[in-house]
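Notes to accompany the following structure.
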Amino acid sequence: DSGKYLDTREVLAQSWEICRREGWREAIIIAHPDHCWRAVKTAEKLGFKVHVPLISSIPYDRESTQAWTRSRWRFIAREILARFVYLARGWI
């Protein structure tokens, strides 16, 4: 669906299915440093062997269409809640 929001798990689940069909088991996770932990844990839970390049800092976009990505404090507040949801659902 055009315009449909895909969360971290859905993106990784779709990636896992493609990679599994191709016989690939390793993934490089490139994510904002504040989001990387959840992305890595989700990928590992799906079965990926994960590699993460060191990315020290990425600025937030004050004009982002996603309100939670406009500043670090907004993102961190949402990320904390997202981690609890992912943990409760068994996704990490």
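Labels for the structure tokens follow display order: chains A, B, ..., residues from 1 in each chain, ligands from 1.
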
Practice problem: Excluding stretch 18-28 of chain A and any residue of its chain fewer than 4 positions from it, enumerate the residues within 6 Å of it, using only C-alpha atoms, and give them as a PyMOL selection string. | Solution: chain A and resi 48-52

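Backbone DSSP assigns alpha helix (DSSP H) in stretch 9-51 of chain A to A:Arg9, A:Glu10, A:Val11, A:Leu12, A:Ala13, A:Gln14, A:Ser15, A:Trp16, A:Glu17, A:Ile18, A:Cys19, A:Arg20, A:Arg21, A:Glu22, A:Pro33, A:Asp34, A:His35, A:Cys36, A:Trp37, A:Arg38, A:Ala39, A:Val40, A:Lys41, A:Thr42, A:Ala43, A:Glu44, A:Lys45, A:Leu46.
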
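In terms of minimum interatomic distance to A:Tyr86, A:Lys41 ranks closest within A:His35, A:Lys4, A:Val11, A:Lys41, counting only C-alpha atoms.
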
Practice problem: Write out as a VMD selection string which residues come within 9 Å of A:Pro33 when counting only C-alpha atoms, dropping same-chain ones fewer than 3 positions away. | Solution: chain A and resid 30 36 to 37 54 to 58

Practice problem: Find the residues near A:Arg78: any atom within 12 Å, counting only C-alpha atoms, skip ones fewer than 3 places away on the same chain, and give them as a PyMOL selection string. | Solution: chain A and resi 34-35+38+66-75+81-85

Quiz item: Expressed in Å to a single decimal, how great is the separation between atom CA of A:Ala77 and atom CA of A:Asp7?
Solution: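 According to the coordinates, atom CA of A:Ala77 and atom CA of A:Asp7 are separated by 16.3 Å.
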